[in-house]
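File shown here: entry_31.cif, holding mmCIF, C-alpha atoms.
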data_protein
#
loop_
_atom_site.label_atom_id
_atom_site.label_comp_id
_atom_site.auth_asym_id
_atom_site.auth_seq_id
_atom_site.Cartn_x
_atom_site.Cartn_y
_atom_site.Cartn_z
CA MET A 180 -21.57 -72.29 19.08
CA SER A 181 -20.12 -72.75 22.55
CA LYS A 182 -20.15 -70.81 25.81
CA PHE A 183 -18.38 -67.47 25.50
CA SER A 184 -15.55 -66.54 27.84
CA TYR A 185 -15.52 -63.15 29.60
CA VAL A 186 -12.84 -61.96 27.17
CA GLN A 187 -15.03 -62.88 24.20
CA MET A 188 -17.98 -61.06 25.78
CA ALA A 189 -15.81 -57.98 26.32
CA LEU A 190 -14.72 -58.11 22.68
CA MET A 191 -18.36 -58.33 21.61
CA VAL A 192 -19.28 -55.29 23.70
CA LEU A 193 -16.35 -53.36 22.20
CA PHE A 194 -17.36 -54.40 18.70
CA SER A 195 -20.95 -53.44 19.47
CA PHE A 196 -19.76 -49.97 20.55
CA LEU A 197 -17.68 -49.53 17.40
CA LEU A 198 -20.57 -50.78 15.29
CA THR A 199 -22.85 -48.22 16.94
CA LEU A 200 -20.41 -45.45 15.99
CA GLY A 201 -20.21 -46.80 12.46
CA LEU A 202 -23.97 -46.99 12.14
CA GLY A 203 -24.29 -43.39 13.30
CA LEU A 204 -21.43 -41.86 11.33
CA TRP A 205 -20.93 -43.42 7.89
CA LEU A 206 -23.54 -46.11 7.26
CA PRO A 207 -26.47 -43.68 6.83
CA GLU A 208 -24.51 -41.88 4.08
CA ILE A 209 -23.78 -45.13 2.25
CA LEU A 210 -27.38 -46.30 2.50
CA SER A 211 -28.71 -42.90 1.40
CA ALA A 212 -26.54 -43.00 -1.70
CA PHE A 213 -27.71 -46.55 -2.40
CA VAL A 214 -31.38 -45.56 -1.96
CA LYS A 215 -31.02 -42.56 -4.29
CA LEU A 216 -29.20 -44.64 -6.89
CA PHE A 217 -32.08 -47.10 -7.14
CA GLY A 218 -34.86 -44.58 -6.58
CA LEU A 219 -36.13 -46.16 -3.36
CA LYS A 220 -37.91 -44.50 -0.41
CA GLU A 221 -35.76 -42.54 2.08
CA ASP A 222 -37.45 -44.34 5.04
CA LEU A 223 -35.55 -47.51 4.05
CA VAL A 224 -32.32 -45.99 5.39
CA THR A 225 -33.56 -45.85 8.98
CA HIS A 226 -35.30 -49.20 8.75
CA SER A 227 -32.19 -50.87 7.32
CA ILE A 228 -29.95 -49.52 10.10
CA VAL A 229 -32.30 -50.74 12.81
CA LEU A 230 -32.66 -54.14 11.14
CA MET A 231 -28.87 -54.60 10.76
CA TYR A 232 -28.24 -53.71 14.39
CA LEU A 233 -31.04 -56.00 15.55
CA ILE A 234 -29.56 -58.92 13.58
CA PHE A 235 -26.15 -58.28 15.15
CA VAL A 236 -27.57 -58.20 18.70
CA VAL A 237 -29.63 -61.35 18.19
CA TYR A 238 -26.72 -63.25 16.60
CA LEU A 239 -23.92 -62.28 18.95
CA ALA A 240 -24.96 -60.33 22.02
CA MET A 241 -27.93 -62.37 23.24
CA PRO A 242 -27.22 -65.21 25.67
CA ALA A 243 -27.91 -68.73 24.48
CA LEU A 244 -31.60 -69.52 24.71
CA PRO A 245 -32.78 -72.69 26.48
CA ARG A 246 -33.05 -75.43 23.87
CA GLY A 247 -34.38 -78.26 26.00
CA SER A 248 -32.64 -81.54 26.74
CA VAL A 249 -33.18 -85.21 26.01
CA LYS A 250 -33.49 -87.94 28.61
CA VAL A 251 -30.23 -89.79 29.14
CA ASN A 252 -31.80 -92.95 30.57
CA ASP A 253 -30.97 -96.08 28.55
CA LYS A 254 -29.05 -94.11 25.92
CA ALA A 255 -25.68 -95.42 24.69
CA ILE A 256 -22.77 -93.54 23.13
CA LEU A 257 -19.73 -94.74 21.19
CA ILE A 258 -16.56 -92.62 21.54
CA THR A 259 -13.41 -93.21 19.53
CA GLY A 260 -9.90 -92.34 20.74
CA CYS A 261 -10.48 -92.95 24.45
CA ASP A 262 -6.86 -93.92 25.23
CA LYS A 263 -6.09 -90.44 26.60
CA GLY A 264 -6.93 -86.76 26.35
CA ILE A 265 -10.41 -85.64 25.35
CA GLY A 266 -11.78 -89.11 24.61
CA PHE A 267 -10.68 -90.49 27.97
CA ALA A 268 -12.10 -87.50 29.89
CA LEU A 269 -15.30 -87.51 27.84
CA ALA A 270 -15.91 -91.22 28.46
CA LYS A 271 -15.76 -90.68 32.23
CA HIS A 272 -17.87 -87.51 32.05
CA LEU A 273 -20.68 -89.02 29.96
CA HIS A 274 -20.65 -92.06 32.22
CA THR A 275 -21.34 -89.83 35.22
CA LYS A 276 -24.20 -88.26 33.24
CA GLY A 277 -25.87 -91.66 33.05
CA PHE A 278 -24.98 -92.75 29.51
CA THR A 279 -23.84 -96.25 28.65
CA VAL A 280 -20.41 -95.57 27.13
CA PHE A 281 -18.65 -97.68 24.53
CA ALA A 282 -15.07 -96.44 24.82
CA GLY A 283 -13.11 -97.26 21.68
CA CYS A 284 -9.37 -97.49 22.36
CA LEU A 285 -6.52 -97.98 19.93
CA LEU A 286 -4.70 -100.04 22.59
CA LYS A 287 -7.01 -102.41 24.47
CA ASN A 288 -4.23 -103.10 26.99
CA GLY A 289 -3.12 -99.48 27.22
CA GLU A 290 -3.22 -97.37 30.36
CA GLY A 291 -6.38 -95.49 29.36
CA ALA A 292 -8.34 -98.63 28.48
CA GLN A 293 -7.28 -100.39 31.67
CA THR A 294 -8.23 -97.39 33.81
CA LEU A 295 -11.71 -97.31 32.28
CA GLU A 296 -12.13 -101.05 32.67
CA LYS A 297 -11.18 -100.84 36.36
CA MET A 298 -14.35 -98.80 36.91
CA LYS A 299 -16.10 -102.20 36.69
CA CYS A 300 -19.42 -100.63 35.79
CA GLU A 301 -22.09 -102.13 33.57
CA ARG A 302 -22.39 -98.83 31.71
CA MET A 303 -18.68 -98.54 30.81
CA LYS A 304 -17.67 -100.91 28.03
CA VAL A 305 -14.14 -100.75 26.59
CA LEU A 306 -13.39 -102.13 23.15
CA GLN A 307 -10.40 -102.38 20.82
CA MET A 308 -10.88 -100.01 17.90
CA ASN A 309 -8.41 -98.77 15.32
CA VAL A 310 -10.45 -96.36 13.18
CA CYS A 311 -8.09 -96.99 10.24
CA THR A 312 -8.97 -100.69 10.06
CA ASP A 313 -12.18 -101.85 8.38
CA GLU A 314 -12.13 -105.17 10.25
CA GLU A 315 -11.80 -103.62 13.72
CA VAL A 316 -14.60 -101.15 12.94
CA ARG A 317 -16.86 -104.04 11.81
CA GLN A 318 -16.02 -105.94 14.98
CA ALA A 319 -16.85 -102.82 17.01
CA VAL A 320 -20.29 -102.64 15.38
CA ASP A 321 -20.94 -106.30 16.19
CA PHE A 322 -19.80 -105.79 19.79
CA VAL A 323 -22.02 -102.75 20.29
CA LYS A 324 -25.04 -104.57 18.84
CA SER A 325 -24.43 -107.52 21.14
CA GLN A 326 -24.22 -105.27 24.21
CA LEU A 327 -27.17 -102.98 23.56
CA LYS A 328 -30.22 -103.87 25.65
CA GLU A 329 -32.53 -103.16 22.74
CA PRO A 330 -30.50 -103.20 19.50
CA GLU A 331 -33.60 -102.58 17.42
CA LYS A 332 -33.85 -99.12 19.01
CA GLY A 333 -30.36 -98.28 17.85
CA LEU A 334 -27.43 -96.31 19.28
CA TRP A 335 -27.98 -92.75 20.45
CA GLY A 336 -24.65 -91.22 19.50
CA VAL A 337 -21.22 -91.56 17.92
CA VAL A 338 -18.42 -89.17 18.85
CA ASN A 339 -15.63 -89.31 16.28
CA ASN A 340 -12.86 -88.08 18.54
CA ALA A 341 -9.88 -90.19 17.42
CA GLY A 342 -7.35 -87.96 15.71
CA THR A 343 -3.74 -87.09 15.16
CA SER A 344 -1.78 -83.97 14.25
CA THR A 345 1.40 -82.89 12.56
CA PHE A 346 3.12 -79.83 11.13
CA GLY A 347 5.40 -78.95 8.27
CA GLU A 348 5.48 -76.80 5.16
CA VAL A 349 4.28 -78.37 1.92
CA GLU A 350 7.77 -78.97 0.48
CA PHE A 351 8.85 -80.76 3.65
CA THR A 352 5.73 -82.93 3.99
CA GLY A 353 5.79 -86.21 2.10
CA VAL A 354 2.70 -87.57 0.40
CA ALA A 355 2.81 -90.61 2.70
CA HIS A 356 2.65 -88.27 5.71
CA TYR A 357 -0.40 -86.49 4.25
CA LYS A 358 -2.10 -89.87 3.83
CA GLU A 359 -1.27 -90.98 7.39
CA ILE A 360 -2.93 -87.89 8.88
CA ALA A 361 -5.98 -88.09 6.60
CA ASP A 362 -6.42 -91.81 7.26
CA VAL A 363 -7.01 -91.18 10.95
CA ASN A 364 -8.71 -87.78 11.00
CA LEU A 365 -10.81 -87.86 7.84
CA TRP A 366 -11.20 -91.44 6.62
CA GLY A 367 -11.42 -92.73 10.19
CA THR A 368 -14.35 -90.39 10.76
CA VAL A 369 -16.00 -91.46 7.50
CA ARG A 370 -15.37 -95.17 8.16
CA VAL A 371 -16.79 -95.17 11.70
CA THR A 372 -19.76 -92.96 10.83
CA LYS A 373 -20.83 -95.12 7.88
CA ALA A 374 -20.49 -98.30 9.92
CA PHE A 375 -22.66 -97.05 12.81
CA LEU A 376 -25.10 -94.88 10.87
CA PRO A 377 -27.84 -97.55 10.57
CA LEU A 378 -27.90 -97.82 14.38
CA ILE A 379 -27.88 -94.02 14.75
CA ARG A 380 -30.76 -93.66 12.29
CA ARG A 381 -32.90 -96.10 14.25
CA ALA A 382 -32.40 -94.06 17.40
CA LYS A 383 -32.85 -90.72 15.56
CA GLY A 384 -29.60 -89.94 17.34
CA ARG A 385 -26.47 -87.85 17.04
CA VAL A 386 -23.20 -87.81 15.13
CA VAL A 387 -20.55 -85.55 16.70
CA ASN A 388 -17.37 -85.05 14.70
CA VAL A 389 -14.36 -83.51 16.41
CA ALA A 390 -12.44 -81.29 13.98
CA SER A 391 -10.58 -78.04 14.67
CA MET A 392 -10.34 -74.40 13.68
CA PHE A 393 -8.14 -75.68 10.82
CA GLY A 394 -11.33 -76.91 9.19
CA ARG A 395 -12.32 -73.32 8.39
CA MET A 396 -9.05 -71.41 8.41
CA SER A 397 -5.68 -72.30 6.94
CA MET A 398 -2.25 -71.60 8.34
CA ALA A 399 1.29 -72.02 7.07
CA SER A 400 2.98 -75.27 8.15
CA HIS A 401 -0.37 -76.94 8.82
CA SER A 402 -1.51 -78.10 5.38
CA ALA A 403 -1.85 -81.78 6.38
CA ASP A 404 -4.06 -80.89 9.37
CA CYS A 405 -6.07 -78.39 7.31
CA ILE A 406 -6.75 -80.87 4.52
CA SER A 407 -8.14 -83.50 6.89
CA ASN A 408 -10.15 -81.00 8.94
CA TYR A 409 -11.62 -79.24 5.90
CA GLY A 410 -12.67 -82.73 4.78
CA ILE A 411 -14.38 -83.43 8.12
CA GLU A 412 -16.30 -80.14 7.82
CA ALA A 413 -17.49 -80.97 4.29
CA PHE A 414 -18.40 -84.55 5.21
CA SER A 415 -20.31 -83.39 8.29
CA ASP A 416 -22.26 -80.72 6.37
CA CYS A 417 -23.29 -83.19 3.65
CA LEU A 418 -24.26 -85.77 6.26
CA ARG A 419 -26.32 -83.20 8.18
CA TYR A 420 -28.32 -82.33 5.05
CA GLU A 421 -28.90 -86.00 4.21
CA GLN A 422 -29.90 -87.11 7.70
CA GLN A 423 -32.43 -84.38 8.42
CA ARG A 424 -35.23 -86.55 7.01
CA TRP A 425 -34.31 -89.28 9.51
CA GLY A 426 -34.20 -86.97 12.53
CA VAL A 427 -30.44 -87.49 12.99
CA LYS A 428 -28.51 -84.39 14.06
CA VAL A 429 -24.88 -83.84 13.10
CA SER A 430 -22.55 -81.46 14.96
CA ILE A 431 -18.95 -80.38 14.41
CA ILE A 432 -16.66 -79.51 17.33
CA GLU A 433 -14.06 -76.99 16.10
CA LEU A 434 -11.20 -77.09 18.57
CA GLY A 435 -8.82 -74.18 19.07
CA ASN A 436 -5.22 -74.68 20.13
CA HIS A 437 -5.82 -77.56 22.55
CA ILE A 438 -2.76 -79.63 21.66
CA ALA A 439 -1.74 -79.93 25.32
CA ALA A 440 -5.24 -81.07 26.29
CA THR A 441 -5.43 -83.71 23.58
CA GLY A 442 -1.86 -84.93 24.07
CA ILE A 443 -1.56 -85.78 20.36
CA LEU A 444 1.45 -83.53 19.75
CA THR A 445 4.26 -82.95 22.25
CA ARG A 446 7.59 -81.15 21.95
CA ASP A 447 9.36 -84.52 21.65
CA HIS A 448 6.89 -85.58 18.96
CA VAL A 449 7.55 -82.32 17.10
CA GLU A 450 11.28 -83.10 17.20
CA SER A 451 10.76 -86.59 15.75
CA ILE A 452 8.49 -85.25 12.99
CA ALA A 453 11.07 -82.58 12.16
CA ASP A 454 13.84 -85.19 11.87
CA ARG A 455 11.69 -87.28 9.55
CA MET A 456 10.75 -84.30 7.35
CA TRP A 457 14.32 -83.06 7.01
CA ASN A 458 15.63 -86.53 6.17
CA GLU A 459 12.92 -87.18 3.57
CA ALA A 460 13.10 -83.76 1.88
CA ALA A 461 14.83 -83.45 -1.50
CA GLU A 462 18.34 -82.05 -1.69
CA ILE A 463 17.17 -78.99 -3.62
CA VAL A 464 14.73 -78.21 -0.78
CA HIS A 465 17.62 -78.45 1.71
CA GLU A 466 19.67 -76.03 -0.39
CA ASP A 467 16.90 -73.48 -0.99
CA TYR A 468 15.43 -73.34 2.51
CA GLY A 469 18.50 -74.06 4.62
CA LYS A 470 18.72 -75.85 7.97
CA ALA A 471 18.59 -72.60 9.97
CA TYR A 472 15.18 -71.70 8.51
CA PHE A 473 13.88 -75.23 9.07
CA ASP A 474 15.02 -75.21 12.71
CA ARG A 475 13.29 -71.86 13.32
CA GLN A 476 10.00 -73.30 12.01
CA THR A 477 10.43 -76.30 14.30
CA MET A 478 10.91 -73.97 17.28
CA VAL A 479 7.75 -72.06 16.31
CA MET A 480 5.81 -75.33 16.40
CA LYS A 481 7.26 -76.22 19.80
CA SER A 482 6.12 -72.84 21.14
CA PHE A 483 2.68 -73.50 19.59
CA CYS A 484 2.51 -76.66 21.72
CA SER A 485 3.70 -74.83 24.85
CA SER A 486 1.13 -72.04 24.50
CA SER A 487 -1.80 -74.40 23.98
CA SER A 488 -4.67 -74.70 26.45
CA LYS A 489 -4.81 -77.64 28.87
CA ASP A 490 -8.38 -76.89 29.90
CA MET A 491 -10.80 -79.41 28.39
CA SER A 492 -13.94 -78.12 30.10
CA LEU A 493 -15.17 -76.08 27.11
CA ILE A 494 -14.67 -79.08 24.82
CA ILE A 495 -16.41 -81.53 27.15
CA ASP A 496 -19.33 -79.11 27.63
CA ALA A 497 -19.68 -78.58 23.87
CA ILE A 498 -19.76 -82.31 23.07
CA THR A 499 -22.16 -82.96 25.94
CA ASP A 500 -24.49 -80.26 24.65
CA ALA A 501 -24.35 -81.73 21.14
CA LEU A 502 -25.46 -85.09 22.57
CA THR A 503 -28.04 -83.92 25.08
CA SER A 504 -29.62 -80.72 23.73
CA ARG A 505 -32.93 -81.15 21.99
CA TYR A 506 -31.74 -78.68 19.36
CA PRO A 507 -27.94 -78.93 19.17
CA TYR A 508 -25.84 -76.46 17.20
CA SER A 509 -24.33 -77.46 13.87
CA ARG A 510 -20.97 -76.06 14.98
CA TYR A 511 -19.36 -75.54 18.38
CA GLU A 512 -16.23 -73.43 18.82
CA PRO A 513 -14.57 -74.27 22.17
CA MET A 514 -11.51 -72.04 21.91
CA ASN A 515 -9.98 -69.01 23.57
CA ALA A 516 -10.75 -65.44 22.50
CA TYR A 517 -7.70 -64.98 20.26
CA TRP A 518 -8.41 -68.01 18.07
CA TRP A 519 -12.17 -67.36 18.08
CA VAL A 520 -11.67 -63.83 16.75
CA ARG A 521 -9.03 -64.96 14.25
CA LEU A 522 -11.25 -67.78 12.96
CA HIS A 523 -14.17 -65.45 12.29
CA ILE A 524 -12.03 -62.76 10.70
CA ILE A 525 -10.45 -65.27 8.31
CA ALA A 526 -13.78 -67.02 7.63
CA HIS A 527 -15.70 -63.84 6.80
CA LEU A 528 -13.35 -61.15 5.48
CA PRO A 529 -11.92 -61.08 1.94
CA ALA A 530 -8.65 -62.99 1.50
CA PRO A 531 -6.49 -59.92 0.66
CA ILE A 532 -7.45 -58.36 4.02
CA THR A 533 -6.85 -61.50 6.08
CA ASP A 534 -3.58 -62.15 4.23
CA TRP A 535 -2.43 -58.68 5.25
CA LEU A 536 -3.63 -59.05 8.85
CA TYR A 537 -2.05 -62.48 9.39
CA LYS A 538 1.17 -62.49 7.46
CA HIS A 539 2.55 -66.01 7.92
#
Show me, as structure tokens, the structure contained in the file I just sent.
Amino acid sequence: MSKFSYVQMALMVLFSFLLTLGLGLWLPEILSAFVKLFGLKEDLVTHSIVLMYLIFVVYLAMPALPRGSVKVNDKAILITGCDKGIGFALAKHLHTKGFTVFAGCLLKNGEGAQTLEKMKCERMKVLQMNVCTDEEVRQAVDFVKSQLKEPEKGLWGVVNNAGTSTFGEVEFTGVAHYKEIADVNLWGTVRVTKAFLPLIRRAKGRVVNVASMFGRMSMASHSADCISNYGIEAFSDCLRYEQQRWGVKVSIIELGNHIAATGILTRDHVESIADRMWNEAAEIVHEDYGKAYFDRQTMVMKSFCSSSSKDMSLIIDAITDALTSRYPYSRYEPMNAYWWVRLHIIAHLPAPITDWLYKH
């Protein structure tokens, strides 16, 4: 759970008002009928209404309660995908907070890696790290161990931020393309987490996995992203259950439409993906869908990129809280009001209703 924007707060107040009307107008009748049907006491109607409203207020309307914070001194964090975007900004931010940062970059000689290295600070350590390569991940573990002041005390946190994105309807997306996306987003997260988990366990530290809203809601033309993000959600939940006995806390960061902030999908990139998909699609798919339809879907994706948020502050704050709060949330949702509302509607209402509301 992340900080709410003013729009989200306004929506909550409106929903609270509507809920109040509902509680006063039709809910008592429904509960009375239920009580009579099972021969229960009439007082349960009033008690149930009060209890339901109280739960709603506590869950949504109350501000976040102070949850304490951990001392940053001598704590080290590994972040993947620090070449640009969120990883790059997060590495600099956590460094200013006092953490020792191991910034994993796909390109050790890339612009992002060189910029971080130019800081020439003992607490900023840049390393080559392709999350899709077992050997590079093993080398990263060895490097981190060699640089930790007290390796026996472990590593405080791993932020699995490295990721990629794509688009395309199922019949236009090749199996190889599905595997490419999953190899970075899902298997990269699994690979890095497993490699560093012994160090995290020793520190009773944190695992923070960056996913997206597509880990809990699906959308046409995004099946490859949804598959990998649903996998990250499942992996993170299982890991959280397993690591409770060790004192390790696992959090998921569910991004909204932050394509512009991450820089992983641009309009030019969309165009190149579209060319690849059209060229690889079967002839019967070309005939049935038509180029005009395909081009319209490509334009929709370009507009999706253009309308995305460039503000990374909610994301950075959420990840920082997951690493520094004494009692971090299991899920953070740094996204604007539209996607926040849509996520919760799709996640909680029956499928026939959400299918009708969001006709794709």
Fill in: Exercise: Val479 (chain A) partners within 12 Å, all atoms listed in the file, chain neighbours under 5 positions left out, as a list of chain:residue names
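So, after excluding close chain neighbours, the residues are A:Phe346, A:Gly347, A:Ala399, A:Ser400, A:Arg446, A:Val449, A:Glu450, A:Ala453, A:Tyr472, A:Phe473, A:Asp474, A:Cys484, A:Ser485, A:Ser486, A:His539.
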Where does the PyMOL selection byres ((chain A and resi 260) around 12) land in this file, that is, which residues does it pick, as a VMD selection string? chain A and resid 257 to 259 261 to 270 281 to 287 289 291 to 292 305 to 311 337 to 343 363 to 364 367 to 368 371 389 441 to 443
If you take all atoms listed in the file and a cut-off of 12 Å, which residues of region 401-506 of chain A touch region 521-536 of chain A, and what are their nearest atom pairs and distances in Å to one decimal, in chain and number order, as a Markdown table?
| residue | atom | partner | partner_atom | distance |
| --- | --- | --- | --- | --- |
| A:Glu433 | CA | A:Leu522 | CA | 10.1 |
| A:Leu434 | CA | A:Leu522 | CA | 10.9 |
| A:Gly435 | CA | A:Leu522 | CA | 9.2 |
| A:Asn436 | CA | A:Leu522 | CA | 11.6 |
Could you dump the residues just selected with C-alpha atoms as a short mmCIF file (atom, residue, chain, number, x, y, z; two decimals), in the frame of the given file?
data_model
loop_
_atom_site.label_atom_id
_atom_site.label_comp_id
_atom_site.auth_asym_id
_atom_site.auth_seq_id
_atom_site.Cartn_x
_atom_site.Cartn_y
_atom_site.Cartn_z
CA GLU A 433 -14.06 -76.99 16.10
CA LEU A 434 -11.20 -77.09 18.57
CA GLY A 435 -8.82 -74.18 19.07
CA ASN A 436 -5.22 -74.68 20.13
#
Which residue of A:His401, A:Tyr420, A:Ala440, A:Lys428 approaches Ser492 (chain A) most closely, using all atoms listed in the file:
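Using all atoms listed in the file, the shortest distance to Ser492 (chain A) belongs to A:Ala440.
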* To do: Let me know the residues the PyMOL selection byres ((chain A and resi 423-426) around 8) catches in the file above, as a ChimeraX atom specification.
  => /A:380,383-384,419-422,427-428
